[in-house]
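Enquirer: Quick one: the structure is below, questions incoming.
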Amino acid sequence: MPEQPPSPGDDLVQALVDDEIREDVAPDEATIHTAAVEAGPEIERLKERKGKGLGFSAWLAIGWLAMIVILGFAAPILPIPDPVADATPALARQGPSADHIMGLDGSGRDVFSRVIWGMRNSLFIGAVSVLIGLVVGGSLGVISGYFKGKLGGFIGASLDVLLAFPPLILALSIVTFLGRTVPNVTLSLAIVSIPVLARIARASTLSWSEREFVLAARAQGAKHFRIMRREILPNVLPAMFSIALLGIAVVIVAEGGLAIIGAGVKPDVTTWGNIIVSGQGDLRDASHIVLFPSFCIFFTVLALNFLGDVVRAKFDVRESSL
Amino acid sequence: MRTILIKLVRLVIVVWIITLFSFTLIKLTGGNNDLVSKIIPFGSEQQKDILREDLGLQDPFFTQYFRWLGDFLTGDFGNIYTPNPQPVSETLAEALPVSLELMIYAQVLALVIAIPLGVATAYRNGTKFDRSTNTIAFGLLALPNFVVALLLAIYVGAKWGWLPTQSNLIPFPLNPIDNWQYMLMPTIALALGQIAIYMRLLRSDMIATLQEDFTTTAKAKGIPTRRVLFRHALRPSSLTLLTVAGLNVGALIGGAVVVERIFNLPGIGSRLTEAILAQQYVAVQSYVALIAIFYILINFFVDVLYTVLDPRIRHARAAA
């Protein structure tokens with residue numbers, strides 16, 4: 001019987017399981033989420049038609065993300081009312097109409113404008129915190145995977161302490177005590193994503209650093225830093241990029257969760273999470289306040305999950321060499 | 001035995017670091033005066049002095065830490081300094097059972113639905129049923145638990161009025177039916193994402209197992225398909241699932257905090273949120289430390305369970 005090719009996600013899970021046994025650590029929430037996203041059959045069709053472009057769904061996802069990024073960037077110059085100051089209390093809780101396509105919230109503010117400004121802030125928080133996590137966590141992961149000895153052990157142990165907190169609890173404690181501002185929320189979510197991304201970089205580095213071309217580079221007298229940068233990093237990056245897309249999705253959701261438990265950005269900054277919080281009191285009579293930002297979060301996370309999966313399938317070096 | 005001992009030592013170290021971290025958190029809020037006036041914003045100068053004295057804020061950092069740690073270890077988790085003060089430990093007695101109940105329900109519901117679905121989609125790998133189930137699961141992965149919770153609260157709770165949303169939660173022993181009515185929506189909100197995760201991971205392992213020779217042998221012997229799937233193939237396929245289910249408690253805790261808040265369930269999550277909103281930093285500190293320690297203990301327990309139950313698992317996986 002011919003051997004079944006491993007389904008997408010299996011090798012990532014396997015690498016993490018190997019690392020787990022070696023280092024005796026537990027997988028974390030975000031890694032589990034990633035593994036689950038990548039474990040399905042969605043990408044198989046894409047693989048079958050390799051080299052024939054991305055497919056309709058992927059373009060749809062890119063289109064949605066491009067749209068919200070552009071709208072988010074353009075929010076200050078768009079002809080929309082101010083998300084916080086422009087309120088018409090007389091029309092509060094009014095449903096969608098021609099003037100206000102997403103209706104008005106409990107204070108009479110335009111929900112459409114708030115959703116656009118929410119894009120700007122929520123995406124900023126998501127992208128920047130994952131970027132910080134990627135740079136810091138990625139470097140720590142590659143270093144600790146490359147120097148397996150004491151240095152690697154020390155970095156690994158420190159990251160494990162961070163992973164010892166349930167992610168949302170760690171984030172909320174940092175925000176609560178530092179203050180509810182955009183930089184603090186971003187920082188807290190960056191701190192949460194550092195160990196996750198570091199572990200993936202580490203697991204991936206461990207498997208790459210045992211390959212012949214690394215040995216060859218070492219035999220030629222290449223310095224450690226050069227080997228990490230020129231030999232290992234290019235191989236680790238595609239996986240990291242895929243995880244980073246999924247990470248942004250996780251962070252956008254986390255921002256919403258933080259806002260709901262009162263540990264997000266202060267209500268005067270419009271984020272998707274804060275719009276939802278502002279509508280929580282009006283679920284029966286004005287559910288549109290909650291529904292529109294919820295849909296935005298759903299479609300954005302869906303698009304990011306899907307693209308993360310596509311990126312991994314497209315850039316998987318080992319699979320494409322088969 | 002030795003591995004368990006090493007794990008135990010590591011557990012103690014991590015718990016110690018967690019207490020140190022949680023204690024340090026409160027120092028991030030700014031100076032002592034700042035802290036006191038945030039905790040009791042409307043207190044008189046005299047009351048503030050008493051609180052300052054009570055928290056021992058004038059002492060050096062480590063004196064404060066070890067006093068706090070001593071109190072913490074003996075079950076004194078500080079007070080909630082609202083107009084009617086209450087010790088944190090008292091709130092735990094009421095809140096903890098609610099949170100545990102919610103998490104256990106969600107976990108059980110998720111596994112009960114995910115296991116048959118995972119097995120069925122793996123068996124029918126590539127069919128329409130498989131693809132559509134997976135597409136739905138992929139969508140569920142993108143649906144945050146608070147969105148599910150809000151959708152349920154809007155439609156099932158507020159608009160159609162099928163289930164109560166206001167929490168007059170009746171403890172399970174008094175009236176199971178009423179208790180379940182209140183618990184149903186929070187449980188579904190918390191379980192839905194987990195179902196998708198567990199199902200997809202089980203499916204992927206199961207597909208591999210169904211390719212193995214022993215499955216073919218079992219089929220060739222004429223054993224009914226259902227028996228092959230659930231008796232022969234499920235067990236070797238469930239390793240990832242069990243590990244993930246055991247260790248996904250972090251997601252469950254975070255989710256429970258958010259979902260409790262939305263449904264006003266009087267669990268630890270609601271208490272924590274109330275403490276955050278009322279700037280009760282002493283209480284927040286204790287809740288954070290308690291939740292983190294609970295999480296660590298669960299992880300430790302699951303880990304030891306594996307080592308004790310089946311040492312072959314680790315060896316087999318290490319060799320693979």
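By convention here, the chains of the structure tokens are called A, B, ... in the order presented, each chain's residues are numbered starting at 1, and ligands are numbered starting at 1 in the order presented.
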Any idea what's packed within 12 Å of Phe225 (chain A), counting only C-alpha atoms, ignoring anything in its chain fewer than 3 positions away? Could you give it as a ChimeraX atom specification?
Expert: /A:139,142-143,146-147,217-218,221-222,228-233
Enquirer: Output N, CA and C atoms of each residue in that selection to a file, as an mmCIF file, in the first residue's frame.
Expert:
data_model
loop_
_atom_site.group_PDB
_atom_site.id
_atom_site.type_symbol
_atom_site.label_atom_id
_atom_site.label_comp_id
_atom_site.auth_asym_id
_atom_site.auth_seq_id
_atom_site.Cartn_x
_atom_site.Cartn_y
_atom_site.Cartn_z
ATOM 1 N N SER A 139 13.979 35.699 16.974
ATOM 2 C CA SER A 139 15.415 35.679 17.271
ATOM 3 C C SER A 139 15.708 34.748 18.440
ATOM 4 N N VAL A 142 15.374 31.105 17.257
ATOM 5 C CA VAL A 142 16.462 30.623 16.408
ATOM 6 C C VAL A 142 17.728 30.441 17.249
ATOM 7 N N ILE A 143 18.004 31.398 18.123
ATOM 8 C CA ILE A 143 19.216 31.294 18.950
ATOM 9 C C ILE A 143 19.130 30.071 19.866
ATOM 10 N N TYR A 146 19.489 26.913 17.897
ATOM 11 C CA TYR A 146 20.811 26.710 17.301
ATOM 12 C C TYR A 146 21.837 26.328 18.368
ATOM 13 N N PHE A 147 21.864 27.108 19.466
ATOM 14 C CA PHE A 147 22.739 26.743 20.583
ATOM 15 C C PHE A 147 21.937 25.880 21.529
ATOM 16 N N ALA A 217 28.308 24.419 5.881
ATOM 17 C CA ALA A 217 28.653 25.813 6.135
ATOM 18 C C ALA A 217 29.603 25.904 7.322
ATOM 19 N N ARG A 218 29.317 25.076 8.332
ATOM 20 C CA ARG A 218 30.167 25.110 9.515
ATOM 21 C C ARG A 218 31.568 24.614 9.168
ATOM 22 N N GLY A 221 33.905 26.956 7.873
ATOM 23 C CA GLY A 221 34.368 27.955 8.821
ATOM 24 C C GLY A 221 33.438 29.133 8.988
ATOM 25 N N ALA A 222 32.165 28.983 8.606
ATOM 26 C CA ALA A 222 31.235 30.101 8.774
ATOM 27 C C ALA A 222 30.976 30.351 10.258
ATOM 28 N N MET A 228 23.245 31.216 11.198
ATOM 29 C CA MET A 228 21.858 31.457 11.601
ATOM 30 C C MET A 228 21.152 32.350 10.592
ATOM 31 N N ARG A 229 21.873 33.385 10.138
ATOM 32 C CA ARG A 229 21.225 34.375 9.280
ATOM 33 C C ARG A 229 21.071 33.868 7.849
ATOM 34 N N ARG A 230 22.127 33.233 7.333
ATOM 35 C CA ARG A 230 22.118 32.874 5.919
ATOM 36 C C ARG A 230 21.603 31.475 5.647
ATOM 37 N N GLU A 231 21.807 30.549 6.577
ATOM 38 C CA GLU A 231 21.418 29.162 6.300
ATOM 39 C C GLU A 231 20.076 28.809 6.948
ATOM 40 N N ILE A 232 19.906 29.226 8.198
ATOM 41 C CA ILE A 232 18.724 28.757 8.928
ATOM 42 C C ILE A 232 17.532 29.693 8.749
ATOM 43 N N LEU A 233 17.784 30.991 8.915
ATOM 44 C CA LEU A 233 16.675 31.942 8.870
ATOM 45 C C LEU A 233 15.828 31.842 7.590
#
Enquirer: List the spatial neighbours of Ala110 (chain B) as a list in words - criterion: any atom at most 6 Å away, only C-alpha atoms, same-chain residues fewer than 6 positions off excluded.
Expert: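 Neighbouring residues, sequence-local ones excluded: Ala191, Gln194 and Ile195 of chain B.
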Enquirer: With DSSP run on the backbone, what are the helix (DSSP H, G or I) residues within region 116-151 of chain B? I'd like them as a ChimeraX atom specification.
Expert: /B:116-123,128-141,145-151
Enquirer: Could you list, as a PyMOL selection string, every residue within 12 Å of Val288 (chain B), counting only C-alpha atoms and ignoring same-chain residues fewer than 5 positions away?
Expert: (chain A and resi 164-174+176-177) or (chain B and resi 18-26+77+88+253-254+257+268-269+271-273+275-276+281-283+293-295)
Enquirer: Could the residues in this selection be written to a file with N, CA and C atoms, as a compact mmCIF listing (two decimals), in the first residue's frame?
Expert:
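Output file selection-v2.txt is given in full below:
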# COMPACT_ATOMS: atom_id res chain seq x y z
N ALA A 164 3.56 29.68 31.16
CA ALA A 164 2.88 29.12 32.32
C ALA A 164 1.60 29.87 32.65
N PHE A 165 1.44 31.07 32.07
CA PHE A 165 0.21 31.81 32.28
C PHE A 165 -0.77 31.52 31.16
N PRO A 166 -2.05 31.37 31.49
CA PRO A 166 -3.03 31.35 30.40
C PRO A 166 -2.90 32.69 29.68
N PRO A 167 -2.78 32.68 28.33
CA PRO A 167 -2.42 33.91 27.59
C PRO A 167 -3.30 35.12 27.92
N LEU A 168 -4.61 34.91 27.96
CA LEU A 168 -5.49 36.06 28.20
C LEU A 168 -5.27 36.64 29.60
N ILE A 169 -4.98 35.77 30.55
CA ILE A 169 -4.78 36.22 31.93
C ILE A 169 -3.48 37.03 32.01
N LEU A 170 -2.44 36.56 31.32
CA LEU A 170 -1.17 37.31 31.31
C LEU A 170 -1.39 38.69 30.69
N ALA A 171 -2.08 38.71 29.55
CA ALA A 171 -2.30 39.99 28.87
C ALA A 171 -3.12 40.92 29.75
N LEU A 172 -4.18 40.40 30.36
CA LEU A 172 -5.04 41.30 31.13
C LEU A 172 -4.33 41.82 32.36
N SER A 173 -3.44 41.00 32.95
CA SER A 173 -2.77 41.51 34.14
C SER A 173 -1.80 42.63 33.76
N ILE A 174 -1.12 42.48 32.62
CA ILE A 174 -0.19 43.54 32.22
C ILE A 174 -0.96 44.84 31.94
N THR A 176 -4.00 45.73 32.97
CA THR A 176 -4.65 46.29 34.16
C THR A 176 -3.67 47.11 34.98
N PHE A 177 -2.46 46.58 35.14
CA PHE A 177 -1.55 47.26 36.05
C PHE A 177 -0.75 48.36 35.37
N ILE B 18 5.70 32.63 39.47
CA ILE B 18 4.38 33.23 39.23
C ILE B 18 3.98 34.14 40.38
N THR B 19 4.22 33.68 41.61
CA THR B 19 3.85 34.53 42.74
C THR B 19 4.68 35.82 42.73
N LEU B 20 5.97 35.69 42.41
CA LEU B 20 6.82 36.88 42.37
C LEU B 20 6.31 37.85 41.30
N PHE B 21 5.97 37.27 40.12
CA PHE B 21 5.48 38.10 39.01
C PHE B 21 4.17 38.79 39.40
N SER B 22 3.24 38.00 39.96
CA SER B 22 1.95 38.58 40.33
C SER B 22 2.14 39.68 41.37
N PHE B 23 3.05 39.46 42.29
CA PHE B 23 3.26 40.48 43.30
C PHE B 23 3.86 41.74 42.68
N THR B 24 4.81 41.54 41.75
CA THR B 24 5.46 42.70 41.13
C THR B 24 4.45 43.54 40.34
N LEU B 25 3.43 42.84 39.77
CA LEU B 25 2.44 43.55 38.95
C LEU B 25 1.90 44.80 39.63
N ILE B 26 1.56 44.64 40.90
CA ILE B 26 0.88 45.74 41.59
C ILE B 26 1.80 46.94 41.72
N PHE B 77 -6.11 36.00 50.70
CA PHE B 77 -5.84 36.56 49.37
C PHE B 77 -6.13 38.05 49.31
N VAL B 88 -11.18 38.29 49.50
CA VAL B 88 -11.18 37.58 48.22
C VAL B 88 -11.50 36.11 48.43
N ILE B 253 -9.78 28.58 30.15
CA ILE B 253 -9.83 29.57 31.24
C ILE B 253 -10.08 30.96 30.68
N GLY B 254 -9.27 31.34 29.67
CA GLY B 254 -9.45 32.66 29.06
C GLY B 254 -10.86 32.81 28.52
N VAL B 257 -13.51 33.25 31.25
CA VAL B 257 -13.54 34.60 31.82
C VAL B 257 -14.41 35.51 30.95
N ILE B 268 -15.42 32.90 38.61
CA ILE B 268 -14.18 33.63 38.86
C ILE B 268 -13.97 34.73 37.82
N GLY B 269 -14.34 34.43 36.56
CA GLY B 269 -14.15 35.42 35.50
C GLY B 269 -14.91 36.70 35.79
N ARG B 271 -15.89 37.75 38.74
CA ARG B 271 -15.25 38.38 39.90
C ARG B 271 -14.01 39.15 39.47
N LEU B 272 -13.21 38.50 38.61
CA LEU B 272 -11.99 39.14 38.13
C LEU B 272 -12.32 40.42 37.37
N THR B 273 -13.33 40.35 36.49
CA THR B 273 -13.71 41.53 35.72
C THR B 273 -14.19 42.65 36.63
N ALA B 275 -13.37 43.13 39.67
CA ALA B 275 -12.21 43.67 40.39
C ALA B 275 -11.41 44.60 39.48
N ILE B 276 -11.27 44.23 38.20
CA ILE B 276 -10.52 45.08 37.27
C ILE B 276 -11.23 46.42 37.12
N TYR B 281 -6.89 46.37 42.84
CA TYR B 281 -5.66 45.73 42.38
C TYR B 281 -5.21 44.58 43.27
N VAL B 282 -5.47 44.70 44.57
CA VAL B 282 -5.06 43.62 45.47
C VAL B 282 -5.79 42.33 45.09
N ALA B 283 -7.09 42.48 44.82
CA ALA B 283 -7.87 41.31 44.45
C ALA B 283 -7.45 40.77 43.08
N ILE B 293 -1.77 29.54 38.85
CA ILE B 293 -1.34 28.34 39.58
C ILE B 293 -2.27 27.17 39.26
N PHE B 294 -3.55 27.44 39.17
CA PHE B 294 -4.50 26.41 38.78
C PHE B 294 -4.12 25.81 37.43
N TYR B 295 -3.80 26.69 36.49
CA TYR B 295 -3.43 26.27 35.14
C TYR B 295 -2.18 25.39 35.16
Enquirer: Near Phe73 (chain A), counting only C-alpha atoms, which residues have an atom at most 12 Å away, once you skip same-chain residues fewer than 3 positions from it, shown as a list in words?
Expert: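 Those residues are Ala66, Met67, Ile68, Val69, Ile70, Pro76, Ile77, Leu78, Ile116, Trp117, Gly118, Met119, Arg120, Asn121, Ser122, Leu123 and Phe124 of chain A.
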Enquirer: Write to file, as a PDB file, in the first residue's frame, the residues of the selection just made, with N, CA and C atoms.
Expert:
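File out_25.pdb, as written:
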ATOM      1  N   ALA A  66      -7.049  43.505   2.127  1.00  0.00           N
ATOM      2  CA  ALA A  66      -6.591  44.746   1.494  1.00  0.00           C
ATOM      3  C   ALA A  66      -7.599  45.855   1.754  1.00  0.00           C
ATOM      4  N   MET A  67      -8.874  45.506   1.654  1.00  0.00           N
ATOM      5  CA  MET A  67      -9.907  46.516   1.851  1.00  0.00           C
ATOM      6  C   MET A  67      -9.850  47.091   3.265  1.00  0.00           C
ATOM      7  N   ILE A  68      -9.774  46.223   4.269  1.00  0.00           N
ATOM      8  CA  ILE A  68      -9.801  46.776   5.626  1.00  0.00           C
ATOM      9  C   ILE A  68      -8.514  47.522   5.944  1.00  0.00           C
ATOM     10  N   VAL A  69      -7.382  47.070   5.363  1.00  0.00           N
ATOM     11  CA  VAL A  69      -6.133  47.803   5.620  1.00  0.00           C
ATOM     12  C   VAL A  69      -6.232  49.199   5.011  1.00  0.00           C
ATOM     13  N   ILE A  70      -6.719  49.272   3.752  1.00  0.00           N
ATOM     14  CA  ILE A  70      -6.815  50.583   3.098  1.00  0.00           C
ATOM     15  C   ILE A  70      -7.807  51.476   3.834  1.00  0.00           C
ATOM     16  N   PRO A  76      -8.803  58.712   8.646  1.00  0.00           N
ATOM     17  CA  PRO A  76      -8.851  60.152   8.954  1.00  0.00           C
ATOM     18  C   PRO A  76      -9.298  61.010   7.776  1.00  0.00           C
ATOM     19  N   ILE A  77      -9.066  60.543   6.526  1.00  0.00           N
ATOM     20  CA  ILE A  77      -9.436  61.387   5.388  1.00  0.00           C
ATOM     21  C   ILE A  77     -10.761  60.974   4.753  1.00  0.00           C
ATOM     22  N   LEU A  78     -11.355  59.888   5.237  1.00  0.00           N
ATOM     23  CA  LEU A  78     -12.638  59.475   4.667  1.00  0.00           C
ATOM     24  C   LEU A  78     -13.745  60.436   5.122  1.00  0.00           C
ATOM     25  N   ILE A 116     -14.929  51.481  10.929  1.00  0.00           N
ATOM     26  CA  ILE A 116     -13.742  51.823  10.148  1.00  0.00           C
ATOM     27  C   ILE A 116     -12.578  52.230  11.066  1.00  0.00           C
ATOM     28  N   TRP A 117     -12.890  53.079  12.049  1.00  0.00           N
ATOM     29  CA  TRP A 117     -11.829  53.465  12.985  1.00  0.00           C
ATOM     30  C   TRP A 117     -11.391  52.285  13.829  1.00  0.00           C
ATOM     31  N   GLY A 118     -12.322  51.392  14.108  1.00  0.00           N
ATOM     32  CA  GLY A 118     -11.974  50.176  14.840  1.00  0.00           C
ATOM     33  C   GLY A 118     -10.979  49.334  14.061  1.00  0.00           C
ATOM     34  N   MET A 119     -11.186  49.247  12.731  1.00  0.00           N
ATOM     35  CA  MET A 119     -10.230  48.554  11.871  1.00  0.00           C
ATOM     36  C   MET A 119      -8.836  49.095  12.090  1.00  0.00           C
ATOM     37  N   ARG A 120      -8.764  50.424  12.027  1.00  0.00           N
ATOM     38  CA  ARG A 120      -7.469  51.081  12.142  1.00  0.00           C
ATOM     39  C   ARG A 120      -6.774  50.665  13.435  1.00  0.00           C
ATOM     40  N   ASN A 121      -7.496  50.776  14.556  1.00  0.00           N
ATOM     41  CA  ASN A 121      -6.863  50.491  15.845  1.00  0.00           C
ATOM     42  C   ASN A 121      -6.668  49.007  16.094  1.00  0.00           C
ATOM     43  N   SER A 122      -7.673  48.204  15.756  1.00  0.00           N
ATOM     44  CA  SER A 122      -7.532  46.772  16.014  1.00  0.00           C
ATOM     45  C   SER A 122      -6.433  46.157  15.154  1.00  0.00           C
ATOM     46  N   LEU A 123      -6.378  46.578  13.880  1.00  0.00           N
ATOM     47  CA  LEU A 123      -5.332  46.040  13.008  1.00  0.00           C
ATOM     48  C   LEU A 123      -3.964  46.516  13.460  1.00  0.00           C
ATOM     49  N   PHE A 124      -3.890  47.774  13.907  1.00  0.00           N
ATOM     50  CA  PHE A 124      -2.614  48.280  14.402  1.00  0.00           C
ATOM     51  C   PHE A 124      -2.143  47.421  15.569  1.00  0.00           C
TER      52      PHE A 124
END
